[in-house]
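Enquirer: Okay, handing you the structure first.
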Amino acid sequence: MSEKRNGNSPVVLETRAITKVFGGLTAVNGFDLEVREGEISSLIGPNGAGKTTVFNAVTGIYRPEGGRILFHREDITGEAPHRIVAKGIARTFQNIRLFPNMTCLENVMAGRHSRSSAGLWSSLVRTGAQVREEKGIRAVAEERIRQVGLWELRNEPAGSISYGSRRMLEIARALAAEPSLLVLDEPSSGLNPRETEDLMVFLQDIIRREKVTILLIEHDMNLVMGISDWVTVMDEGRKIAEGTSAHVYSDPRVIEAYLGVETGGKG
Ligand SMILES: Nc1ncnc2c1ncn2[C@@H]1O[C@H](COP(=O)(O)OP(=O)(O)OP(=O)(O)O)[C@@H](O)[C@H]1O
Ligand SMILES: [Mg+2]
């Protein structure tokens with residue numbers, strides 16, 4: 001059961017019938033997703049539904065065998081990850097990926113470098129222009145690290161800070177790339193209720209203040225219900241429902257997918 005969307009804001013990201021196969025397993029099966037500008041969209045579904053695989057296709061880690069991915073109406077299917085970041089999609093990972101021996105600030109700077117002309121590794125040999133660029137990168141990184149509340153920890157190794165702080169640091173790193181679409185894979189996973197609440201407030205705040213759109217995969221139902229403008233539900237590689245959170249949570253197929261109970265719903 002799908003709900004009609006009030007279609008005022010432009011579509012930022014669209015997947016059209018994407019399919020991703022691993023060996024004999026079709027992880028994503030003709031999957032359609034539509035993300036609108038300035039909204040918080042959530043992708044939910046049981047374990048193994050194919051959610052992370054959709055994110056990996058969108059961010060260029062996997063090339064789908066079928067279908068197309070459009071970002072601001074441009075076909076980005078199969079583009080390399082660094083090109084997709086440069087176009088304006090930045091992400092975090094379900095399993096945090098930071099450089100544990102680098103400081104928090106350096107990790108965030110690495111996110112900014114991913115978008116700069118010099119690149120992280122070629123910045124060893126510096127021209128005047130590169131030195132100026134480096135200063136700009138530092139300034140952006142400092143602003144982002146302050147924004148996520150980790151200013152005091154900026155010179156600590158990323159591996160030494162708490163798990164909750166590492167999750168926020170990863171978001172700061174993604175934001176340092178100045179994305180127009182921020183893609184978060186289970187940002188609240190491993191957070192305590194207080195940290196989850198702070199994350200909710202933080203995400204709502206950046207949506208309000210910045211020209212950014214957010215797509216998240218999330219298991220915490222309070223978080224999804226609390227902040228999502230639009231929810232897409234996935235099961236076994238397919239979209240089984242979409243709509244506002246209230247609509248989706250009353251859908252018998254969604255209840256069935258989550259609880260594994262027959263509800264007698266249609267379809
Ligand atoms: N690289 C891979 N090689 C083989 N199979 C994979 C690979 N990545 C994912 N899969 C399989 O594809 C299916 C979908 O996985 P995916 O990680 O996308 O699910 P998910 O919805 O993100 O689940 P979870 O909520 O547990 O994170 C699973 O059956 C998974 O085992
Ligand atoms: Mg996943």
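The chains in the structure tokens are called A, B, ... from first to last as shown; in each chain the residues are counted from 1, and the ligands are counted from 1 in the order shown.
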If you take only C-alpha atoms and all ligand atoms and a cut-off of 8 Å, which residues of chain A touch ligand 2, and what are their nearest atom pairs and distances in Å to one decimal, in chain and number order, as a tab-separated table?
Expert:
residue	atom	partner	partner_atom_place_in_ligand_line	distance
A:Asn47	CA	ligand 2	1 (Mg)	7.0
A:Gly48	CA	ligand 2	1 (Mg)	6.9
A:Gly50	CA	ligand 2	1 (Mg)	7.0
A:Lys51	CA	ligand 2	1 (Mg)	5.5
A:Thr52	CA	ligand 2	1 (Mg)	4.1
A:Thr53	CA	ligand 2	1 (Mg)	7.3
A:Gln94	CA	ligand 2	1 (Mg)	6.3
A:Asp185	CA	ligand 2	1 (Mg)	6.8
A:Glu186	CA	ligand 2	1 (Mg)	7.5
A:Ile217	CA	ligand 2	1 (Mg)	7.6
Enquirer: Per DSSP on the backbone, what are the alpha helix (DSSP H) residues of segment 39-247 of chain A, as a ChimeraX atom specification?
Expert: /A:51-58,81-87,104-113,128-147,163-176,193-209,221-227,245-247
Enquirer: Can those selected residues be exported to a file as a PDB file, in the first residue's frame so that it contains C-alpha atoms?
Expert:
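Written out: part_27.pdb:
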ATOM      1  CA  LYS A  51      19.000  -1.514   2.716  1.00  0.00           C
ATOM      2  CA  THR A  52      22.775  -1.184   2.959  1.00  0.00           C
ATOM      3  CA  THR A  53      23.120  -2.655  -0.535  1.00  0.00           C
ATOM      4  CA  VAL A  54      20.891   0.154  -1.849  1.00  0.00           C
ATOM      5  CA  PHE A  55      23.179   2.689  -0.125  1.00  0.00           C
ATOM      6  CA  ASN A  56      26.238   0.960  -1.580  1.00  0.00           C
ATOM      7  CA  ALA A  57      24.759   1.216  -5.059  1.00  0.00           C
ATOM      8  CA  VAL A  58      23.835   4.890  -4.578  1.00  0.00           C
ATOM      9  CA  PRO A  81      32.624   6.627  -5.148  1.00  0.00           C
ATOM     10  CA  HIS A  82      34.896   9.722  -5.195  1.00  0.00           C
ATOM     11  CA  ARG A  83      32.997  11.144  -8.177  1.00  0.00           C
ATOM     12  CA  ILE A  84      29.720  10.639  -6.363  1.00  0.00           C
ATOM     13  CA  VAL A  85      31.065  12.472  -3.289  1.00  0.00           C
ATOM     14  CA  ALA A  86      32.184  15.293  -5.589  1.00  0.00           C
ATOM     15  CA  LYS A  87      28.645  15.480  -7.007  1.00  0.00           C
ATOM     16  CA  CYS A 104      39.351  13.634  15.253  1.00  0.00           C
ATOM     17  CA  LEU A 105      40.101  16.843  13.359  1.00  0.00           C
ATOM     18  CA  GLU A 106      42.295  15.030  10.828  1.00  0.00           C
ATOM     19  CA  ASN A 107      39.503  12.531  10.211  1.00  0.00           C
ATOM     20  CA  VAL A 108      37.082  15.339   9.445  1.00  0.00           C
ATOM     21  CA  MET A 109      39.696  17.015   7.226  1.00  0.00           C
ATOM     22  CA  ALA A 110      39.954  13.744   5.295  1.00  0.00           C
ATOM     23  CA  GLY A 111      36.244  14.088   4.519  1.00  0.00           C
ATOM     24  CA  ARG A 112      36.827  17.549   3.128  1.00  0.00           C
ATOM     25  CA  HIS A 113      39.852  16.411   1.129  1.00  0.00           C
ATOM     26  CA  GLY A 128      50.936  27.983  -2.787  1.00  0.00           C
ATOM     27  CA  ALA A 129      47.416  27.305  -3.968  1.00  0.00           C
ATOM     28  CA  GLN A 130      47.415  23.996  -2.151  1.00  0.00           C
ATOM     29  CA  VAL A 131      48.550  25.595   1.090  1.00  0.00           C
ATOM     30  CA  ARG A 132      45.622  28.021   0.825  1.00  0.00           C
ATOM     31  CA  GLU A 133      43.298  25.156   0.039  1.00  0.00           C
ATOM     32  CA  GLU A 134      44.620  23.268   3.064  1.00  0.00           C
ATOM     33  CA  LYS A 135      43.749  26.227   5.296  1.00  0.00           C
ATOM     34  CA  GLY A 136      40.256  26.277   3.858  1.00  0.00           C
ATOM     35  CA  ILE A 137      39.891  22.564   4.491  1.00  0.00           C
ATOM     36  CA  ARG A 138      40.977  23.005   8.109  1.00  0.00           C
ATOM     37  CA  ALA A 139      38.509  25.841   8.627  1.00  0.00           C
ATOM     38  CA  VAL A 140      35.606  23.782   7.280  1.00  0.00           C
ATOM     39  CA  ALA A 141      36.646  20.762   9.361  1.00  0.00           C
ATOM     40  CA  GLU A 142      36.894  22.873  12.517  1.00  0.00           C
ATOM     41  CA  GLU A 143      33.447  24.282  11.954  1.00  0.00           C
ATOM     42  CA  ARG A 144      31.973  20.810  11.470  1.00  0.00           C
ATOM     43  CA  ILE A 145      33.682  19.324  14.500  1.00  0.00           C
ATOM     44  CA  ARG A 146      32.369  22.183  16.629  1.00  0.00           C
ATOM     45  CA  GLN A 147      28.897  21.662  15.187  1.00  0.00           C
ATOM     46  CA  TYR A 163      31.420   5.019  20.562  1.00  0.00           C
ATOM     47  CA  GLY A 164      28.688   7.649  20.526  1.00  0.00           C
ATOM     48  CA  SER A 165      31.244  10.368  19.818  1.00  0.00           C
ATOM     49  CA  ARG A 166      32.685   8.325  16.946  1.00  0.00           C
ATOM     50  CA  ARG A 167      29.237   8.131  15.370  1.00  0.00           C
ATOM     51  CA  MET A 168      28.964  11.931  15.528  1.00  0.00           C
ATOM     52  CA  LEU A 169      32.519  12.290  14.215  1.00  0.00           C
ATOM     53  CA  GLU A 170      31.600  10.235  11.169  1.00  0.00           C
ATOM     54  CA  ILE A 171      28.664  12.562  10.533  1.00  0.00           C
ATOM     55  CA  ALA A 172      31.009  15.563  10.854  1.00  0.00           C
ATOM     56  CA  ARG A 173      33.336  13.964   8.327  1.00  0.00           C
ATOM     57  CA  ALA A 174      30.474  13.419   5.875  1.00  0.00           C
ATOM     58  CA  LEU A 175      29.227  16.999   6.374  1.00  0.00           C
ATOM     59  CA  ALA A 176      32.730  18.350   5.714  1.00  0.00           C
ATOM     60  CA  PRO A 193      18.685   6.784  24.542  1.00  0.00           C
ATOM     61  CA  ARG A 194      20.159  10.153  25.501  1.00  0.00           C
ATOM     62  CA  GLU A 195      22.608  10.106  22.580  1.00  0.00           C
ATOM     63  CA  THR A 196      19.816   9.022  20.232  1.00  0.00           C
ATOM     64  CA  GLU A 197      17.708  11.962  21.373  1.00  0.00           C
ATOM     65  CA  ASP A 198      20.645  14.331  20.766  1.00  0.00           C
ATOM     66  CA  LEU A 199      21.119  12.838  17.302  1.00  0.00           C
ATOM     67  CA  MET A 200      17.457  13.466  16.476  1.00  0.00           C
ATOM     68  CA  VAL A 201      17.696  17.088  17.515  1.00  0.00           C
ATOM     69  CA  PHE A 202      20.945  17.462  15.582  1.00  0.00           C
ATOM     70  CA  LEU A 203      19.499  16.064  12.340  1.00  0.00           C
ATOM     71  CA  GLN A 204      16.408  18.228  12.572  1.00  0.00           C
ATOM     72  CA  ASP A 205      18.605  21.214  13.200  1.00  0.00           C
ATOM     73  CA  ILE A 206      20.790  20.713  10.126  1.00  0.00           C
ATOM     74  CA  ILE A 207      17.729  20.175   7.944  1.00  0.00           C
ATOM     75  CA  ARG A 208      16.358  23.474   9.194  1.00  0.00           C
ATOM     76  CA  ARG A 209      19.557  25.490   8.840  1.00  0.00           C
ATOM     77  CA  MET A 221      11.401   3.256  15.506  1.00  0.00           C
ATOM     78  CA  ASN A 222      11.138   6.272  17.806  1.00  0.00           C
ATOM     79  CA  LEU A 223      13.789   8.005  15.758  1.00  0.00           C
ATOM     80  CA  VAL A 224      12.136   7.102  12.447  1.00  0.00           C
ATOM     81  CA  MET A 225       8.685   8.120  13.636  1.00  0.00           C
ATOM     82  CA  GLY A 226      10.003  11.269  15.251  1.00  0.00           C
ATOM     83  CA  ILE A 227      11.870  12.828  12.368  1.00  0.00           C
ATOM     84  CA  SER A 245       5.466   7.365   9.190  1.00  0.00           C
ATOM     85  CA  ALA A 246       1.917   7.154  10.527  1.00  0.00           C
ATOM     86  CA  HIS A 247       0.718   5.638   7.260  1.00  0.00           C
TER      87      HIS A 247
END
Enquirer: For Phe31 of chain A, work out the shell of residues within 6 Å, counting only C-alpha atoms and skipping chain neighbours fewer than 5 positions away, then give it as number ranges by chain.
Expert: A: 17-18, 238
Enquirer: Please identify the residues whose atoms come within 12 Å of ligand 1, using only C-alpha atoms and all ligand atoms, and report them as a ChimeraX atom specification.
Expert: /A:19-29,43-57,61-63,93-95,184-187,189,216-220,233-239,258
Enquirer: Between A:Glu34, A:Arg97, A:Arg16, A:Met102, which residue has the minimum interatomic distance to Thr77 of chain A, considering only C-alpha atoms?
Expert: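 So, comparing all the options, the nearest one is A:Arg16.
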Enquirer: Among segment 60-199 of chain A, which ones does DSSP assign to strand (DSSP E) (computed from the backbone)? Answer as an MDAnalysis selection string.
Expert: chainID A and resid 66:71 74:75 89:91 181:185
Enquirer: Would you output that residue set with C-alpha atoms, as a PDB file, in the first residue's frame?
Expert:
ATOM      1  CA  GLY A  66      19.874  -3.492 -13.504  1.00  0.00           C
ATOM      2  CA  GLY A  67      18.127  -0.159 -13.184  1.00  0.00           C
ATOM      3  CA  ARG A  68      19.289   3.425 -12.943  1.00  0.00           C
ATOM      4  CA  ILE A  69      20.239   5.870 -10.203  1.00  0.00           C
ATOM      5  CA  LEU A  70      19.488   9.538 -10.780  1.00  0.00           C
ATOM      6  CA  PHE A  71      20.867  12.356  -8.651  1.00  0.00           C
ATOM      7  CA  GLU A  74      21.629  13.106 -13.714  1.00  0.00           C
ATOM      8  CA  ASP A  75      22.354   9.421 -14.281  1.00  0.00           C
ATOM      9  CA  ILE A  89      26.414  12.665  -1.829  1.00  0.00           C
ATOM     10  CA  ALA A  90      28.285  11.918   1.414  1.00  0.00           C
ATOM     11  CA  ARG A  91      27.641   9.005   3.725  1.00  0.00           C
ATOM     12  CA  LEU A 181      22.473  14.685   0.200  1.00  0.00           C
ATOM     13  CA  LEU A 182      23.621  13.141   3.470  1.00  0.00           C
ATOM     14  CA  VAL A 183      23.203   9.359   3.612  1.00  0.00           C
ATOM     15  CA  LEU A 184      23.388   7.736   7.075  1.00  0.00           C
ATOM     16  CA  ASP A 185      23.431   3.969   7.600  1.00  0.00           C
TER      17      ASP A 185
END
Enquirer: Between atom CA of Trp230 of chain A and atom CA of Gly243 of chain A, measure the distance and give it in Å to one decimal.
Expert: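 Separation of atom CA of Trp230 of chain A and atom CA of Gly243 of chain A: 5.6 Å.
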Enquirer: For Ser180 of chain A, find every residue with an atom within 9 Å (counting only C-alpha atoms), except residues of its own chain fewer than 5 positions away, and show them as a list of chain:residue names.
Expert: A:Val12, A:Glu37, A:Lys87, A:Gly88, A:Ile89, A:Ala90, A:Lys211, A:Val212, A:Thr213, A:Ile214
